[in-house]
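Participant: To be precise about what I am sending: the file is called run-v9.txt and holds compact mmCIF, N, CA and C atoms.
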```txt
# COMPACT_ATOMS: atom_id res chain seq x y z
N MET A 28 57.45 32.81 34.89
CA MET A 28 56.32 31.90 34.79
C MET A 28 55.89 31.41 36.17
N SER A 29 56.82 31.37 37.10
CA SER A 29 56.48 30.90 38.45
C SER A 29 55.55 31.86 39.17
N VAL A 30 55.73 33.16 38.95
CA VAL A 30 54.93 34.15 39.68
C VAL A 30 53.45 34.07 39.33
N PRO A 31 53.06 34.08 38.05
CA PRO A 31 51.63 34.00 37.76
C PRO A 31 50.99 32.72 38.28
N LEU A 32 51.70 31.61 38.17
CA LEU A 32 51.13 30.34 38.66
C LEU A 32 51.01 30.33 40.17
N SER A 33 51.95 30.96 40.86
CA SER A 33 51.85 31.02 42.32
C SER A 33 50.70 31.91 42.76
N VAL A 34 50.47 33.00 42.03
CA VAL A 34 49.34 33.88 42.35
C VAL A 34 48.02 33.14 42.12
N VAL A 35 47.95 32.35 41.05
CA VAL A 35 46.76 31.53 40.81
C VAL A 35 46.56 30.56 41.97
N GLY A 36 47.64 29.94 42.44
CA GLY A 36 47.56 29.03 43.58
C GLY A 36 47.08 29.73 44.84
N ALA A 37 47.54 30.96 45.05
CA ALA A 37 47.12 31.73 46.22
C ALA A 37 45.64 32.07 46.15
N LEU A 38 45.20 32.55 45.00
CA LEU A 38 43.78 32.91 44.85
C LEU A 38 42.88 31.69 44.90
N LEU A 39 43.34 30.58 44.35
CA LEU A 39 42.57 29.34 44.42
C LEU A 39 42.44 28.87 45.86
N THR A 40 43.49 29.00 46.63
CA THR A 40 43.44 28.63 48.05
C THR A 40 42.43 29.49 48.79
N LEU A 41 42.44 30.79 48.52
CA LEU A 41 41.47 31.67 49.17
C LEU A 41 40.04 31.30 48.78
N CYS A 42 39.84 30.95 47.52
CA CYS A 42 38.50 30.53 47.08
C CYS A 42 38.09 29.22 47.73
N LEU A 43 38.99 28.26 47.78
CA LEU A 43 38.65 26.95 48.35
C LEU A 43 38.35 27.01 49.84
N THR A 44 39.03 27.91 50.54
CA THR A 44 38.79 28.03 51.98
C THR A 44 37.64 29.00 52.29
N GLY A 45 37.12 29.67 51.27
CA GLY A 45 36.04 30.61 51.48
C GLY A 45 36.46 31.86 52.23
N THR A 46 37.73 32.19 52.14
CA THR A 46 38.26 33.35 52.84
C THR A 46 38.03 34.60 52.01
N PRO A 47 37.37 35.60 52.59
CA PRO A 47 37.15 36.83 51.82
C PRO A 47 38.44 37.63 51.67
N LEU A 48 38.52 38.35 50.59
CA LEU A 48 39.69 39.21 50.37
C LEU A 48 39.58 40.44 51.27
N ASN A 49 40.71 40.85 51.82
CA ASN A 49 40.76 42.09 52.59
C ASN A 49 42.09 42.76 52.30
N ALA A 50 42.45 43.77 53.04
CA ALA A 50 43.69 44.51 52.77
C ALA A 50 44.93 43.66 52.95
N ALA A 51 44.85 42.59 53.73
CA ALA A 51 46.02 41.73 53.97
C ALA A 51 46.30 40.81 52.78
N SER A 52 45.29 40.49 51.99
CA SER A 52 45.47 39.58 50.86
C SER A 52 46.52 40.08 49.87
N PRO A 53 46.43 41.32 49.40
CA PRO A 53 47.47 41.80 48.48
C PRO A 53 48.86 41.84 49.12
N MET A 54 48.92 42.10 50.43
CA MET A 54 50.23 42.07 51.10
C MET A 54 50.80 40.65 51.05
N GLY A 55 49.94 39.66 51.21
CA GLY A 55 50.38 38.27 51.09
C GLY A 55 50.88 37.96 49.70
N LEU A 56 50.22 38.51 48.69
CA LEU A 56 50.67 38.28 47.31
C LEU A 56 52.02 38.93 47.06
N VAL A 57 52.26 40.10 47.62
CA VAL A 57 53.57 40.76 47.47
C VAL A 57 54.65 39.91 48.14
N LEU A 58 54.37 39.42 49.34
CA LEU A 58 55.31 38.55 50.04
C LEU A 58 55.57 37.29 49.22
N LEU A 59 54.52 36.73 48.67
CA LEU A 59 54.62 35.52 47.86
C LEU A 59 55.50 35.75 46.63
N VAL A 60 55.28 36.85 45.94
CA VAL A 60 56.08 37.15 44.74
C VAL A 60 57.56 37.24 45.09
N GLY A 61 57.88 37.87 46.20
CA GLY A 61 59.28 37.96 46.62
C GLY A 61 59.90 36.60 46.87
N LEU A 62 59.16 35.73 47.53
CA LEU A 62 59.68 34.39 47.82
C LEU A 62 59.84 33.56 46.54
N VAL A 63 58.88 33.67 45.64
CA VAL A 63 58.93 32.91 44.39
C VAL A 63 60.10 33.38 43.53
N VAL A 64 60.29 34.68 43.44
CA VAL A 64 61.41 35.21 42.65
C VAL A 64 62.74 34.78 43.26
N LYS A 65 62.84 34.79 44.59
CA LYS A 65 64.06 34.35 45.26
C LYS A 65 64.38 32.89 44.91
N ASN A 66 63.36 32.05 44.93
CA ASN A 66 63.58 30.64 44.58
C ASN A 66 64.06 30.48 43.14
N GLY A 67 63.46 31.23 42.24
CA GLY A 67 63.88 31.17 40.84
C GLY A 67 65.30 31.66 40.65
N ILE A 68 65.64 32.73 41.36
CA ILE A 68 67.01 33.26 41.25
C ILE A 68 68.02 32.25 41.78
N LEU A 69 67.73 31.62 42.91
CA LEU A 69 68.64 30.60 43.45
C LEU A 69 68.88 29.49 42.43
N LEU A 70 67.82 29.05 41.80
CA LEU A 70 67.91 27.95 40.86
C LEU A 70 68.66 28.35 39.59
N LEU A 71 68.31 29.48 39.02
CA LEU A 71 68.94 29.89 37.77
C LEU A 71 70.38 30.34 37.97
N GLU A 72 70.68 30.92 39.12
CA GLU A 72 72.07 31.30 39.40
C GLU A 72 72.95 30.06 39.49
N GLN A 73 72.47 29.03 40.14
CA GLN A 73 73.23 27.78 40.24
C GLN A 73 73.40 27.16 38.85
N SER A 74 72.36 27.19 38.04
CA SER A 74 72.44 26.66 36.68
C SER A 74 73.49 27.40 35.87
N GLU A 75 73.51 28.71 36.01
CA GLU A 75 74.48 29.51 35.26
C GLU A 75 75.91 29.19 35.70
N ARG A 76 76.13 29.01 36.99
CA ARG A 76 77.47 28.64 37.48
C ARG A 76 77.91 27.31 36.87
N LEU A 77 76.99 26.36 36.83
CA LEU A 77 77.33 25.05 36.28
C LEU A 77 77.57 25.12 34.77
N LEU A 78 76.82 25.98 34.08
CA LEU A 78 77.07 26.18 32.65
C LEU A 78 78.45 26.77 32.43
N ASP A 79 78.84 27.71 33.27
CA ASP A 79 80.17 28.32 33.16
C ASP A 79 81.29 27.32 33.41
N GLU A 80 80.98 26.28 34.21
CA GLU A 80 81.97 25.24 34.48
C GLU A 80 82.04 24.20 33.36
N GLY A 81 81.17 24.35 32.35
CA GLY A 81 81.24 23.46 31.20
C GLY A 81 80.18 22.39 31.14
N CYS A 82 79.23 22.38 32.04
CA CYS A 82 78.14 21.39 31.99
C CYS A 82 77.22 21.69 30.81
N SER A 83 76.56 20.66 30.33
CA SER A 83 75.53 20.88 29.31
C SER A 83 74.34 21.54 29.98
N LEU A 84 73.47 22.11 29.18
CA LEU A 84 72.31 22.82 29.72
C LEU A 84 71.44 21.90 30.56
N GLU A 85 71.13 20.73 30.04
CA GLU A 85 70.27 19.80 30.77
C GLU A 85 70.92 19.33 32.06
N ASP A 86 72.20 19.00 32.00
CA ASP A 86 72.91 18.57 33.20
C ASP A 86 72.97 19.68 34.24
N ALA A 87 73.19 20.91 33.77
CA ALA A 87 73.26 22.06 34.68
C ALA A 87 71.92 22.28 35.38
N LEU A 88 70.83 22.15 34.63
CA LEU A 88 69.51 22.35 35.22
C LEU A 88 69.16 21.26 36.23
N VAL A 89 69.45 20.02 35.88
CA VAL A 89 69.16 18.90 36.80
C VAL A 89 70.01 19.02 38.06
N GLU A 90 71.28 19.33 37.90
CA GLU A 90 72.17 19.46 39.05
C GLU A 90 71.79 20.66 39.92
N ALA A 91 71.36 21.76 39.28
CA ALA A 91 70.93 22.94 40.04
C ALA A 91 69.70 22.61 40.88
N VAL A 92 68.77 21.88 40.33
CA VAL A 92 67.58 21.47 41.10
C VAL A 92 68.02 20.58 42.26
N ARG A 93 68.93 19.66 42.00
CA ARG A 93 69.39 18.77 43.07
C ARG A 93 70.09 19.55 44.18
N LEU A 94 70.93 20.51 43.80
CA LEU A 94 71.69 21.28 44.79
C LEU A 94 70.83 22.30 45.55
N ARG A 95 69.84 22.84 44.91
CA ARG A 95 69.02 23.89 45.53
C ARG A 95 67.70 23.38 46.09
N LEU A 96 67.44 22.09 45.96
CA LEU A 96 66.20 21.53 46.48
C LEU A 96 66.07 21.75 47.99
N ARG A 97 67.10 21.43 48.73
CA ARG A 97 67.06 21.57 50.20
C ARG A 97 66.86 23.02 50.64
N PRO A 98 67.66 23.99 50.15
CA PRO A 98 67.43 25.38 50.59
C PRO A 98 66.03 25.89 50.22
N ILE A 99 65.55 25.54 49.04
CA ILE A 99 64.22 26.00 48.64
C ILE A 99 63.16 25.37 49.51
N LEU A 100 63.26 24.08 49.76
CA LEU A 100 62.26 23.41 50.61
C LEU A 100 62.34 23.92 52.05
N MET A 101 63.53 24.17 52.55
CA MET A 101 63.67 24.65 53.93
C MET A 101 63.03 26.02 54.11
N THR A 102 63.29 26.94 53.21
CA THR A 102 62.69 28.27 53.35
C THR A 102 61.18 28.21 53.13
N THR A 103 60.74 27.39 52.21
CA THR A 103 59.31 27.26 51.95
C THR A 103 58.59 26.66 53.14
N LEU A 104 59.11 25.56 53.67
CA LEU A 104 58.45 24.91 54.80
C LEU A 104 58.51 25.77 56.07
N ALA A 105 59.61 26.48 56.27
CA ALA A 105 59.71 27.36 57.44
C ALA A 105 58.70 28.50 57.35
N THR A 106 58.55 29.06 56.16
CA THR A 106 57.57 30.13 55.97
C THR A 106 56.15 29.61 56.19
N MET A 107 55.86 28.44 55.63
CA MET A 107 54.53 27.86 55.79
C MET A 107 54.25 27.54 57.26
N ALA A 108 55.23 26.99 57.95
CA ALA A 108 55.05 26.66 59.36
C ALA A 108 54.86 27.93 60.20
N GLY A 109 55.57 28.97 59.87
CA GLY A 109 55.43 30.23 60.60
C GLY A 109 54.08 30.89 60.40
N LEU A 110 53.50 30.69 59.22
CA LEU A 110 52.19 31.29 58.92
C LEU A 110 51.01 30.40 59.31
N LEU A 111 51.29 29.16 59.65
CA LEU A 111 50.21 28.22 59.98
C LEU A 111 49.31 28.70 61.13
N PRO A 112 49.85 29.24 62.22
CA PRO A 112 48.95 29.74 63.28
C PRO A 112 47.99 30.83 62.79
N LEU A 113 48.47 31.69 61.90
CA LEU A 113 47.58 32.71 61.35
C LEU A 113 46.52 32.09 60.45
N ALA A 114 46.93 31.13 59.64
CA ALA A 114 45.98 30.48 58.73
C ALA A 114 44.92 29.70 59.50
N LEU A 115 45.30 29.15 60.65
CA LEU A 115 44.36 28.38 61.47
C LEU A 115 43.57 29.27 62.41
N ASP A 116 43.80 30.59 62.32
CA ASP A 116 43.06 31.56 63.12
C ASP A 116 43.34 31.40 64.61
N ILE A 117 44.63 31.14 64.94
CA ILE A 117 45.04 30.96 66.33
C ILE A 117 45.67 32.26 66.82
N GLY A 118 45.20 32.77 67.92
CA GLY A 118 45.78 33.96 68.53
C GLY A 118 44.99 35.22 68.22
N SER A 119 45.30 36.25 68.97
CA SER A 119 44.57 37.51 68.80
C SER A 119 45.00 38.20 67.51
N GLY A 120 44.05 38.72 66.79
CA GLY A 120 44.32 39.42 65.54
C GLY A 120 44.53 38.53 64.35
N ALA A 121 44.48 37.23 64.55
CA ALA A 121 44.74 36.29 63.46
C ALA A 121 43.68 36.38 62.37
N GLU A 122 42.44 36.70 62.76
CA GLU A 122 41.37 36.75 61.76
C GLU A 122 41.61 37.83 60.71
N LEU A 123 42.32 38.88 61.07
CA LEU A 123 42.63 39.93 60.10
C LEU A 123 43.75 39.51 59.15
N GLN A 124 44.68 38.70 59.63
CA GLN A 124 45.83 38.30 58.82
C GLN A 124 45.65 36.94 58.16
N ARG A 125 44.53 36.29 58.42
CA ARG A 125 44.29 34.96 57.86
C ARG A 125 44.37 34.94 56.33
N PRO A 126 43.77 35.90 55.61
CA PRO A 126 43.90 35.88 54.15
C PRO A 126 45.36 35.99 53.68
N LEU A 127 46.18 36.78 54.37
CA LEU A 127 47.59 36.88 54.02
C LEU A 127 48.26 35.52 54.15
N ALA A 128 48.04 34.87 55.28
CA ALA A 128 48.68 33.57 55.53
C ALA A 128 48.22 32.52 54.54
N GLU A 129 46.93 32.46 54.29
CA GLU A 129 46.42 31.46 53.36
C GLU A 129 46.92 31.70 51.94
N ALA A 130 46.99 32.96 51.53
CA ALA A 130 47.49 33.28 50.20
C ALA A 130 48.95 32.85 50.05
N VAL A 131 49.75 33.13 51.05
CA VAL A 131 51.17 32.78 50.97
C VAL A 131 51.35 31.26 51.01
N ILE A 132 50.64 30.59 51.90
CA ILE A 132 50.77 29.13 52.00
C ILE A 132 50.33 28.45 50.70
N GLY A 133 49.18 28.84 50.18
CA GLY A 133 48.69 28.24 48.93
C GLY A 133 49.59 28.54 47.76
N GLY A 134 50.05 29.78 47.68
CA GLY A 134 50.94 30.15 46.58
C GLY A 134 52.29 29.46 46.65
N LEU A 135 52.83 29.31 47.86
CA LEU A 135 54.11 28.61 48.01
C LEU A 135 53.98 27.13 47.68
N ALA A 136 52.86 26.54 48.03
CA ALA A 136 52.65 25.12 47.72
C ALA A 136 52.69 24.90 46.21
N VAL A 137 52.09 25.80 45.46
CA VAL A 137 52.09 25.69 44.00
C VAL A 137 53.45 26.07 43.43
N SER A 138 54.00 27.17 43.89
CA SER A 138 55.22 27.70 43.28
C SER A 138 56.45 26.83 43.52
N THR A 139 56.46 26.07 44.60
CA THR A 139 57.62 25.22 44.85
C THR A 139 57.75 24.17 43.75
N GLY A 140 56.64 23.53 43.43
CA GLY A 140 56.66 22.57 42.32
C GLY A 140 56.96 23.23 40.99
N VAL A 141 56.39 24.40 40.79
CA VAL A 141 56.63 25.13 39.54
C VAL A 141 58.10 25.50 39.43
N SER A 142 58.68 25.99 40.51
CA SER A 142 60.09 26.40 40.48
C SER A 142 61.02 25.22 40.22
N LEU A 143 60.69 24.08 40.77
CA LEU A 143 61.58 22.93 40.67
C LEU A 143 61.35 22.07 39.43
N VAL A 144 60.18 22.19 38.79
CA VAL A 144 59.88 21.35 37.62
C VAL A 144 59.65 22.19 36.37
N VAL A 145 58.72 23.12 36.45
CA VAL A 145 58.33 23.88 35.26
C VAL A 145 59.42 24.86 34.84
N LEU A 146 60.00 25.59 35.78
CA LEU A 146 61.01 26.59 35.45
C LEU A 146 62.22 25.98 34.72
N PRO A 147 62.82 24.89 35.23
CA PRO A 147 63.93 24.29 34.47
C PRO A 147 63.50 23.80 33.08
N SER A 148 62.28 23.29 32.98
CA SER A 148 61.79 22.83 31.67
C SER A 148 61.66 23.98 30.70
N LEU A 149 61.14 25.11 31.17
CA LEU A 149 61.00 26.28 30.30
C LEU A 149 62.37 26.84 29.90
N VAL A 150 63.31 26.84 30.83
CA VAL A 150 64.66 27.30 30.50
C VAL A 150 65.28 26.38 29.45
N SER A 151 65.08 25.10 29.62
CA SER A 151 65.61 24.14 28.65
C SER A 151 65.00 24.36 27.27
N LEU A 152 63.71 24.61 27.22
CA LEU A 152 63.06 24.88 25.94
C LEU A 152 63.54 26.18 25.33
N ALA A 153 63.68 27.21 26.16
CA ALA A 153 64.09 28.53 25.66
C ALA A 153 65.53 28.54 25.19
N LEU A 154 66.38 27.82 25.89
CA LEU A 154 67.82 27.85 25.57
C LEU A 154 68.30 26.55 24.94
N GLY A 155 67.38 25.71 24.53
CA GLY A 155 67.75 24.42 23.95
C GLY A 155 68.65 24.57 22.74
N GLY A 156 69.21 23.47 22.32
CA GLY A 156 70.13 23.51 21.20
C GLY A 156 71.54 23.68 21.71
N PRO A 157 72.37 24.39 20.94
CA PRO A 157 73.75 24.60 21.38
C PRO A 157 73.81 25.38 22.67
N ARG A 158 74.86 25.16 23.43
CA ARG A 158 75.03 25.84 24.73
C ARG A 158 75.10 27.34 24.52
N ARG A 159 74.26 28.05 25.30
CA ARG A 159 74.27 29.51 25.27
C ARG A 159 74.43 30.01 26.68
N ASP A 160 75.03 31.19 26.80
CA ASP A 160 75.17 31.80 28.11
C ASP A 160 73.81 32.34 28.54
N MET A 161 73.36 31.99 29.77
CA MET A 161 72.05 32.41 30.23
C MET A 161 71.98 33.92 30.44
N GLY A 162 73.10 34.57 30.61
CA GLY A 162 73.10 36.00 30.86
C GLY A 162 73.13 36.84 29.59
N SER A 163 73.35 36.23 28.44
CA SER A 163 73.44 37.01 27.20
C SER A 163 72.06 37.28 26.63
N HIS A 164 71.99 38.25 25.74
CA HIS A 164 70.70 38.64 25.15
C HIS A 164 70.57 38.07 23.77
```
What does this structure look like when you write it as structure tokens?
Facilitator:
Amino acid sequence: MSVPLSVVGALLTLCLTGTPLNAASPMGLVLLVGLVVKNGILLLEQSERLLDEGCSLEDALVEAVRLRLRPILMTTLATMAGLLPLALDIGSGAELQRPLAEAVIGGLAVSTGVSLVVLPSLVSLALGGPRRDMGSH
């Protein structure tokens, strides 16, 4: 669920800034999807470890968000800061990569909230009730 919402955030950012799509835009979306999936994996892996230790589903999800908040925010903010010169059109060749940078920055801004709020809520809804192993089918 985080990936589609992050792509919407990326495309909305491009629309709001009036940035035309070019060959770099889809590359930015691919980069964005990788980062969003990584954040979700970090969060759900931590939740699964806590479930294995005997925590309830809700406690495991809340604790996983608390434990993974810093790493997720650090990688997100570092990526955004690294792409900021491209988004601001600073330096040679930046105008070609500007759509990539804006797509990633906008998508990460949306996906960080989605990963930390919406994803645990959806997991709780999907696995609610008695404790179930997140890895089982």
Participant: Could you pull out every residue with an atom within 8 Å of (48.7, 33.6, 53.0), file coordinates, counting all atoms listed in the file, and send them as a list in words?
Facilitator: Ala37, Ala51, Ser52, Met54, Gly55, Leu56, Leu59, Leu110, Leu113, Ala114, Gln124, Arg125, Pro126, Leu127, Ala128, Glu129, Ala130, Val131, Ile132, Gly133, Gly134 and Leu135 of chain A
Participant: Would you pick out the contacts of stretch 137-139 of chain A at 8 Å or less, using all atoms listed in the file, so that residues sharing its chain but fewer than 4 positions from it are not included, and give the list as a ChimeraX atom specification?
Facilitator: /A:29-30,32-37,63,99-100,103,131-133,143-145
Participant: What is the atom CA of A:Met107 to atom CA of A:Ala136 distance in Å?
Facilitator: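 Separation between atom CA of A:Met107 and atom CA of A:Ala136: 8.7 Å.
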Participant: Considering only N, CA and C atoms, return as a ChimeraX atom specification whatever protein or nucleic-acid residues lie within 6.5 Å of A:Pro112, sequence-local ones (same chain, fewer than 5 positions apart) excluded.
Facilitator: /A:117-118,121
Participant: So how far away is atom CA of A:Leu149 from atom CA of A:Arg97, in Å?
Facilitator: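 Here the two named atoms are 21.3 Å from each other.
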Participant: Between atom CA of A:Leu146 and atom CA of A:Leu78, what is the distance in Å, rounded to a tenth?
Facilitator: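 Those two atoms sit 16.3 Å apart.
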